[in-house]
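Shown next: work_24.txt, given as compact mmCIF, C-alpha atoms and all ligand atoms.
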```
# COMPACT_ATOMS: atom_id res chain seq x y z
CA MET A 37 18.28 40.50 0.31
CA ASP A 38 19.47 42.51 -2.66
CA SER A 39 18.55 46.13 -3.00
CA TRP A 40 19.42 49.05 -5.21
CA VAL A 41 19.98 52.53 -3.82
CA GLY A 42 20.37 55.57 -6.05
CA PRO A 43 18.99 58.93 -7.10
CA LEU A 44 15.39 59.25 -8.32
CA ASP A 45 16.43 60.38 -11.82
CA THR A 46 18.43 57.20 -12.39
CA LEU A 47 15.61 55.05 -11.05
CA ILE A 48 13.11 56.63 -13.43
CA GLN A 49 15.48 56.40 -16.37
CA ASP A 50 16.57 52.77 -15.88
CA PHE A 51 13.48 51.54 -14.06
CA SER A 52 12.91 48.25 -15.88
CA SER A 53 16.55 47.17 -16.00
CA ILE A 54 17.04 47.92 -12.27
CA ILE A 55 13.88 45.98 -11.35
CA ASP A 56 14.80 43.16 -13.70
CA LYS A 57 18.26 42.74 -12.16
CA LEU A 58 16.83 42.61 -8.63
CA TRP A 59 14.08 40.24 -9.72
CA LYS A 60 16.55 37.79 -11.21
CA SER A 61 18.90 37.92 -8.22
CA VAL A 62 16.31 36.40 -5.89
CA LYS A 63 16.25 32.61 -5.79
CA TYR A 64 12.77 32.16 -4.35
CA ASP A 65 9.30 33.29 -5.46
CA VAL A 66 8.53 36.97 -5.14
CA ASP A 67 5.72 38.92 -6.72
CA GLY A 68 7.18 42.38 -6.61
CA VAL A 69 9.57 44.87 -5.05
CA VAL A 70 9.22 47.64 -2.49
CA LEU A 71 10.19 51.17 -3.45
CA GLU A 72 11.10 53.48 -0.61
CA VAL A 73 12.52 56.87 0.15
CA THR A 74 15.91 56.60 1.87
CA ASP A 75 16.48 60.20 2.96
CA PRO A 76 15.76 60.21 6.75
CA GLN A 77 14.49 63.76 6.83
CA LEU A 78 12.15 63.26 3.91
CA LYS A 79 10.89 60.00 5.47
CA LYS A 80 10.06 61.78 8.68
CA TYR A 81 8.26 64.52 6.80
CA MET A 82 6.24 62.02 4.74
CA ASP A 83 5.11 60.17 7.84
CA LEU A 84 3.62 63.28 9.40
CA ASP A 85 0.14 62.27 8.29
CA LEU A 86 0.44 58.88 10.06
CA SER A 87 -2.04 60.24 12.55
CA LEU A 88 -4.65 59.31 9.94
CA ASN A 89 -4.10 55.70 11.00
CA LYS A 90 -2.60 54.63 7.73
CA PRO A 91 -1.38 51.04 7.92
CA TYR A 92 1.78 51.77 5.89
CA HIS A 93 4.55 54.30 5.87
CA SER A 94 3.96 56.97 3.27
CA TRP A 95 7.57 56.68 2.11
CA GLN A 96 7.15 53.09 1.03
CA ILE A 97 5.11 51.58 -1.81
CA ALA A 98 4.90 48.09 -3.28
CA TYR A 99 5.48 47.57 -6.97
CA LYS A 100 4.05 44.31 -8.28
CA ILE A 101 5.75 42.47 -11.08
CA ASP A 102 3.11 40.54 -12.91
CA PRO A 103 4.18 38.93 -16.17
CA GLU A 104 1.25 37.87 -18.33
CA LYS A 105 3.06 35.16 -20.25
CA ALA A 106 6.32 33.30 -20.49
CA GLU A 107 8.22 31.04 -22.88
CA VAL A 108 8.83 27.72 -21.21
CA LYS A 109 10.71 24.56 -22.12
CA VAL A 110 8.95 21.20 -21.92
CA LEU A 111 11.06 18.63 -20.04
CA SER A 112 8.80 15.65 -20.64
CA ILE A 113 5.20 14.64 -21.24
CA ILE A 114 3.54 12.21 -18.86
CA PRO A 115 0.30 10.41 -19.75
CA GLN A 116 -2.38 10.28 -17.05
CA THR A 117 -5.58 8.25 -17.34
CA SER A 118 -8.68 10.06 -16.12
CA ARG A 119 -11.90 8.58 -14.75
CA ASN A 120 -13.56 8.41 -18.17
CA GLY A 121 -10.57 6.66 -19.75
CA ARG A 122 -9.22 9.71 -21.55
CA VAL A 123 -5.46 9.88 -21.37
CA THR A 124 -4.39 13.43 -20.52
CA PRO A 125 -0.94 14.66 -21.53
CA VAL A 126 0.71 16.43 -18.59
CA ALA A 127 3.81 18.43 -19.46
CA LEU A 128 6.59 18.75 -16.91
CA LEU A 129 8.15 22.17 -17.46
CA GLU A 130 11.32 23.97 -16.61
CA PRO A 131 10.08 25.74 -13.44
CA THR A 132 9.02 29.25 -14.44
CA LYS A 133 7.75 32.22 -12.47
CA LEU A 134 4.45 33.56 -13.69
CA SER A 135 2.35 36.02 -11.69
CA GLY A 136 4.50 35.32 -8.66
CA VAL A 137 3.84 31.58 -8.76
CA THR A 138 6.30 28.96 -9.93
CA ILE A 139 4.72 26.81 -12.62
CA SER A 140 6.26 23.41 -13.29
CA ARG A 141 3.37 21.58 -14.94
CA ALA A 142 0.84 22.27 -17.65
CA THR A 143 -1.68 20.12 -19.47
CA ALA A 144 -2.29 19.87 -23.19
CA HIS A 145 -5.93 19.54 -24.24
CA HIS A 146 -5.44 16.04 -25.64
CA TYR A 147 -2.90 13.80 -27.38
CA GLY A 148 -4.22 14.93 -30.77
CA MET A 149 -2.82 18.36 -29.93
CA VAL A 150 0.47 16.87 -28.70
CA LYS A 151 0.83 15.08 -32.03
CA LYS A 152 -0.27 17.94 -34.31
CA LYS A 153 1.58 20.74 -32.56
CA GLY A 154 4.72 18.77 -31.76
CA ILE A 155 4.73 18.99 -27.98
CA GLY A 156 7.69 16.74 -27.19
CA ASN A 157 10.68 16.86 -24.87
CA GLY A 158 12.48 20.15 -25.48
CA ALA A 159 9.55 21.93 -27.15
CA ILE A 160 9.06 25.58 -26.20
CA ILE A 161 5.54 26.56 -25.26
CA GLU A 162 3.87 29.81 -24.32
CA LEU A 163 2.38 29.85 -20.85
CA ILE A 164 -0.35 32.37 -20.28
CA ARG A 165 -1.31 33.56 -16.84
CA SER A 166 -4.55 31.99 -15.68
CA GLY A 167 -6.31 31.41 -12.41
CA MET A 168 -5.69 27.69 -12.64
CA VAL A 169 -3.13 25.84 -10.56
CA ILE A 170 -2.13 23.80 -13.61
CA PRO A 171 -2.41 25.96 -16.73
CA LYS A 172 -3.36 24.65 -20.17
CA ILE A 173 -0.97 24.79 -23.11
CA GLU A 174 -2.42 27.01 -25.83
CA ARG A 175 0.55 27.80 -28.08
CA VAL A 176 3.68 25.99 -29.14
CA LEU A 177 6.58 28.26 -30.13
CA LYS A 178 9.13 25.57 -31.01
CA GLU A 179 8.15 22.02 -31.89
CA ALA A 180 9.86 18.81 -30.81
CA ASP A 181 9.14 15.19 -31.71
CA PRO A 182 6.22 14.09 -29.56
CA GLU A 183 6.05 10.71 -27.89
CA ILE A 184 2.64 9.12 -28.19
CA PRO A 185 2.06 6.35 -25.63
CA LYS A 186 0.79 3.01 -26.91
CA ASN A 187 -0.31 1.60 -23.56
CA CYS A 188 -2.33 2.89 -20.62
CA PRO A 189 0.09 4.12 -17.92
CA SER A 190 -2.16 2.56 -15.30
CA CYS A 191 -3.31 -0.82 -16.67
CA ASN A 192 -1.10 -1.29 -19.74
CA ALA A 193 -4.09 -1.85 -22.06
CA ASN A 194 -3.56 -0.86 -25.70
CA LEU A 195 -4.78 2.71 -26.13
CA VAL A 196 -7.23 3.61 -28.91
CA TRP A 197 -7.88 6.91 -30.67
CA ASP A 198 -11.30 8.52 -30.44
CA ALA A 199 -11.11 11.66 -32.59
CA ASP A 200 -8.38 13.72 -30.89
CA ASN A 201 -8.36 11.70 -27.70
CA LEU A 202 -6.34 8.69 -26.68
CA ILE A 203 -8.56 6.38 -24.67
CA CYS A 204 -7.91 3.45 -22.35
CA PRO A 205 -10.67 1.00 -23.36
CA ASN A 206 -10.30 -1.08 -20.19
CA VAL A 207 -13.48 0.31 -18.59
CA GLY A 208 -14.26 -1.32 -15.28
CA ASP A 209 -10.82 -2.77 -14.72
CA CYS A 210 -8.33 0.07 -15.17
CA PRO A 211 -7.06 1.13 -11.70
CA ALA A 212 -6.70 4.81 -12.69
CA GLN A 213 -10.27 4.96 -14.04
CA ILE A 214 -11.73 3.28 -10.95
CA ILE A 215 -9.70 5.28 -8.42
CA ASN A 216 -10.42 8.59 -10.18
CA THR A 217 -14.15 7.77 -10.40
CA VAL A 218 -14.34 7.12 -6.65
CA GLU A 219 -12.25 10.21 -5.94
CA HIS A 220 -14.51 12.33 -8.16
CA PHE A 221 -17.51 11.14 -6.15
CA PHE A 222 -16.10 12.26 -2.81
CA ILE A 223 -14.60 15.48 -4.17
CA THR A 224 -17.96 16.49 -5.67
CA LEU A 225 -19.90 15.51 -2.56
CA ARG A 226 -17.52 17.67 -0.53
CA ASN A 227 -18.93 16.63 2.83
CA ILE A 228 -16.35 14.11 3.89
CA ASN A 229 -12.82 14.37 5.24
CA GLY A 230 -10.06 11.82 4.96
CA LEU A 231 -11.17 10.10 1.77
CA GLY A 232 -8.46 11.50 -0.45
CA SER A 233 -6.57 9.75 -3.22
CA ALA A 234 -4.13 7.94 -0.88
CA THR A 235 -6.98 6.36 1.11
CA ILE A 236 -8.92 5.47 -2.04
CA GLU A 237 -5.82 3.87 -3.57
CA LYS A 238 -5.24 1.81 -0.45
CA LEU A 239 -8.86 0.62 -0.50
CA PHE A 240 -8.50 -0.24 -4.18
CA GLU A 241 -5.44 -2.37 -3.42
CA ASN A 242 -7.61 -4.24 -0.93
CA GLY A 243 -10.28 -4.90 -3.54
CA VAL A 244 -12.71 -2.16 -2.48
CA ARG A 245 -13.48 -0.58 -5.81
CA ASP A 246 -16.80 1.24 -5.53
CA VAL A 247 -18.51 3.89 -3.46
CA CYS A 248 -21.28 1.53 -2.39
CA ARG A 249 -18.82 -0.83 -0.72
CA ILE A 250 -16.89 2.00 0.88
CA TYR A 251 -20.05 3.14 2.70
CA LYS A 252 -20.55 -0.40 4.05
CA LEU A 253 -17.07 -0.67 5.56
CA ARG A 254 -16.74 -1.11 9.34
CA ILE A 255 -13.91 -0.08 11.62
CA ASP A 256 -12.52 -3.64 11.57
CA ASP A 257 -12.48 -3.69 7.77
CA PHE A 258 -10.35 -0.56 7.67
CA LYS A 259 -8.01 -2.03 10.29
CA ASN A 260 -7.66 -5.21 8.26
CA TYR A 261 -6.67 -3.10 5.26
CA GLY A 262 -3.82 -1.62 7.26
CA PHE A 263 -5.34 1.64 8.49
CA GLY A 264 -4.54 2.65 12.08
CA ASP A 265 -7.09 2.46 14.93
CA LYS A 266 -7.73 6.18 15.09
CA GLN A 267 -7.89 6.61 11.32
CA SER A 268 -10.29 3.67 10.95
CA GLN A 269 -12.60 5.20 13.55
CA ASN A 270 -12.41 8.60 11.90
CA LEU A 271 -13.14 7.23 8.45
CA VAL A 272 -16.22 5.33 9.62
CA ALA A 273 -17.44 8.39 11.53
CA GLU A 274 -16.91 10.56 8.43
CA LEU A 275 -18.76 8.10 6.20
CA GLU A 276 -21.63 8.00 8.67
CA ARG A 277 -21.77 11.80 8.80
CA SER A 278 -21.59 12.06 5.02
CA ARG A 279 -24.50 9.62 4.70
CA THR A 280 -26.79 11.50 7.08
CA GLU A 281 -25.83 15.14 6.67
CA PRO A 282 -28.03 16.93 4.09
CA ILE A 283 -26.28 18.27 0.98
CA GLU A 284 -27.47 19.99 -2.18
CA ASP A 285 -29.24 17.50 -4.48
CA TRP A 286 -27.25 18.66 -7.55
CA ARG A 287 -24.00 17.89 -5.75
CA PHE A 288 -25.19 14.34 -5.13
CA LEU A 289 -26.26 13.87 -8.76
CA ALA A 290 -23.05 15.38 -10.18
CA ALA A 291 -20.94 13.11 -7.96
CA PHE A 292 -21.84 10.12 -10.13
CA GLY A 293 -19.84 11.64 -12.95
CA VAL A 294 -22.36 10.96 -15.72
CA HIS A 295 -21.12 12.45 -19.00
CA GLN A 296 -22.64 15.94 -19.55
CA LEU A 297 -24.10 15.89 -16.03
CA GLY A 298 -21.58 18.04 -14.22
CA ARG A 299 -22.41 20.49 -11.45
CA ALA A 300 -24.00 23.17 -13.65
CA ASN A 301 -26.22 20.80 -15.66
CA SER A 302 -27.19 18.86 -12.54
CA GLU A 303 -28.28 22.07 -10.87
CA GLN A 304 -30.19 23.15 -13.96
CA LEU A 305 -31.97 19.79 -14.20
CA LEU A 306 -32.89 19.57 -10.52
CA LYS A 307 -34.38 23.05 -10.50
CA ARG A 308 -37.18 21.60 -12.64
CA VAL A 309 -37.13 17.84 -12.06
CA LYS A 310 -37.15 16.12 -8.69
CA LEU A 311 -34.17 13.90 -7.89
CA ASP A 312 -36.50 10.90 -7.52
CA ASP A 313 -37.85 11.48 -11.02
CA VAL A 314 -34.51 11.86 -12.80
CA PHE A 315 -34.55 8.33 -14.21
CA LYS A 316 -38.14 8.68 -15.46
CA VAL A 317 -37.57 11.88 -17.40
CA LYS A 318 -37.86 11.72 -21.22
CA VAL A 319 -35.80 13.53 -23.85
CA ASP A 320 -38.90 15.30 -25.23
CA ASP A 321 -39.77 16.55 -21.75
CA LEU A 322 -36.35 18.09 -21.25
CA VAL A 323 -36.49 19.81 -24.64
CA SER A 324 -40.11 21.01 -24.55
CA ARG A 325 -39.68 22.36 -21.02
CA LYS A 326 -36.53 24.12 -22.27
CA ILE A 327 -34.31 22.51 -19.63
CA PHE A 328 -31.71 21.32 -22.16
CA ALA A 329 -31.19 21.54 -25.92
CA THR A 330 -31.85 18.33 -27.85
CA LYS A 331 -28.29 17.01 -27.97
CA THR A 332 -27.62 17.47 -24.26
CA ALA A 333 -31.11 16.14 -23.42
ZN ZN A 401 -6.08 1.86 -18.25
```
Kindly transcribe the structure held in the file into structure tokens.
Ligand SMILES: [Zn+2]
Amino acid sequence: MDSWVGPLDTLIQDFSSIIDKLWKSVKYDVDGVVLEVTDPQLKKYMDLDLSLNKPYHSWQIAYKIDPEKAEVKVLSIIPQTSRNGRVTPVALLEPTKLSGVTISRATAHHYGMVKKKGIGNGAIIELIRSGMVIPKIERVLKEADPEIPKNCPSCNANLVWDADNLICPNVGDCPAQIINTVEHFFITLRNINGLGSATIEKLFENGVRDVCRIYKLRIDDFKNYGFGDKQSQNLVAELERSRTEPIEDWRFLAAFGVHQLGRANSEQLLKRVKLDDVFKVKVDDLVSRKIFATKTA
């Protein structure tokens, strides 16, 4: 690994250029450098207080490099249909280090933004550090001609605009919408292993398209669909466990993916209304009992 050795004065004077050179010489992800004293006598002297059970040498400290933002080139934009039919623009980026993590994808809010701000192949965007695995594009520094898809990438239906969103209108028959709806159910429930996107896609290919049918599947059904013996047994056992093991009621309600009824709103609603009564509740009730504002109610 590369290192720089020199006198303290030089290090202080040229600190950022020395660090920058080292940083760029490393081919893999790093989030900082280690600064250490090299003089053996001084090192020995500095470690005299090691009796205090310090976990590190006193002659060594970590310096974290933590860029807040970066300018990144867009390689291409890929449309992805979500469970509610909205087509999300996903930008493939020139891999860029940000906060010690290499980012190679980002999402734009919607295709309206892609069109208005010119997020096309070769555009330069500003990536801002965020806790998310896939960050959102907030600013475009250099525009490029955007490509707006005409057809759903999953079912090929003609896409329609709804305000700023491109929508696949093929509700109930678009593979991406169905698969993502089922996946959302199990992800939100969070009490089942093995029912990830690959399994759900395989079930879809075999005509199993809803949660209700998935819970009715037997070991033989899974085997017929091409799952192995062990996996079929595991899946049925997991489904059985998921059906009987208690979970939070709001998690169950949110799993259905009703618009505006995400985890937070489900929890808020079920604090005041019993799950069994959810379908009986009236708009006026929700408003007068101050559970939701009129529009959400
Ligand atoms: Zn579609």
* To do: Quick one: pull the distance between CA of Thr330 (chain A) and CA of Tyr147 (chain A), Å, one decimal.
  =>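 A separation of 29.3 Å between them.
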* 10 Å shell around ligand ZN 401 (chain A) using only C-alpha atoms and all ligand atoms, listed as JSON, numbers by chain -> {"A": [116, 117, 118, 119, 120, 121, 122, 123, 187, 188, 189, 190, 191, 192, 193, 194, 195, 203, 204, 205, 206, 207, 208, 209, 210, 211, 212, 213, 214]}
* To do: Find the residues around region 227-237 of chain A up to 10 Å (all atoms listed in the file counted), leave out those fewer than 3 positions away in its own chain, and share them as JSON, numbers by chain.
  => {"A": [211, 212, 214, 215, 216, 218, 219, 220, 222, 223, 224, 240, 241, 242, 243, 244, 245, 246, 247, 250, 263, 267, 270, 271, 273, 274, 275, 276, 277, 278, 279, 281, 282, 283]}
* Measure the distance from CA of Lys172 (chain A) to CA of Ile139 (chain A) in Å and round it to one decimal. =>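 Separation between CA of Lys172 (chain A) and CA of Ile139 (chain A): 11.3 Å.
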* Asked: Quick one, how far is CA of Lys152 (chain A) from CA of Gln296 (chain A)?
  ->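 About the pair CA of Lys152 (chain A) and CA of Gln296 (chain A): they are 26.9 Å apart.
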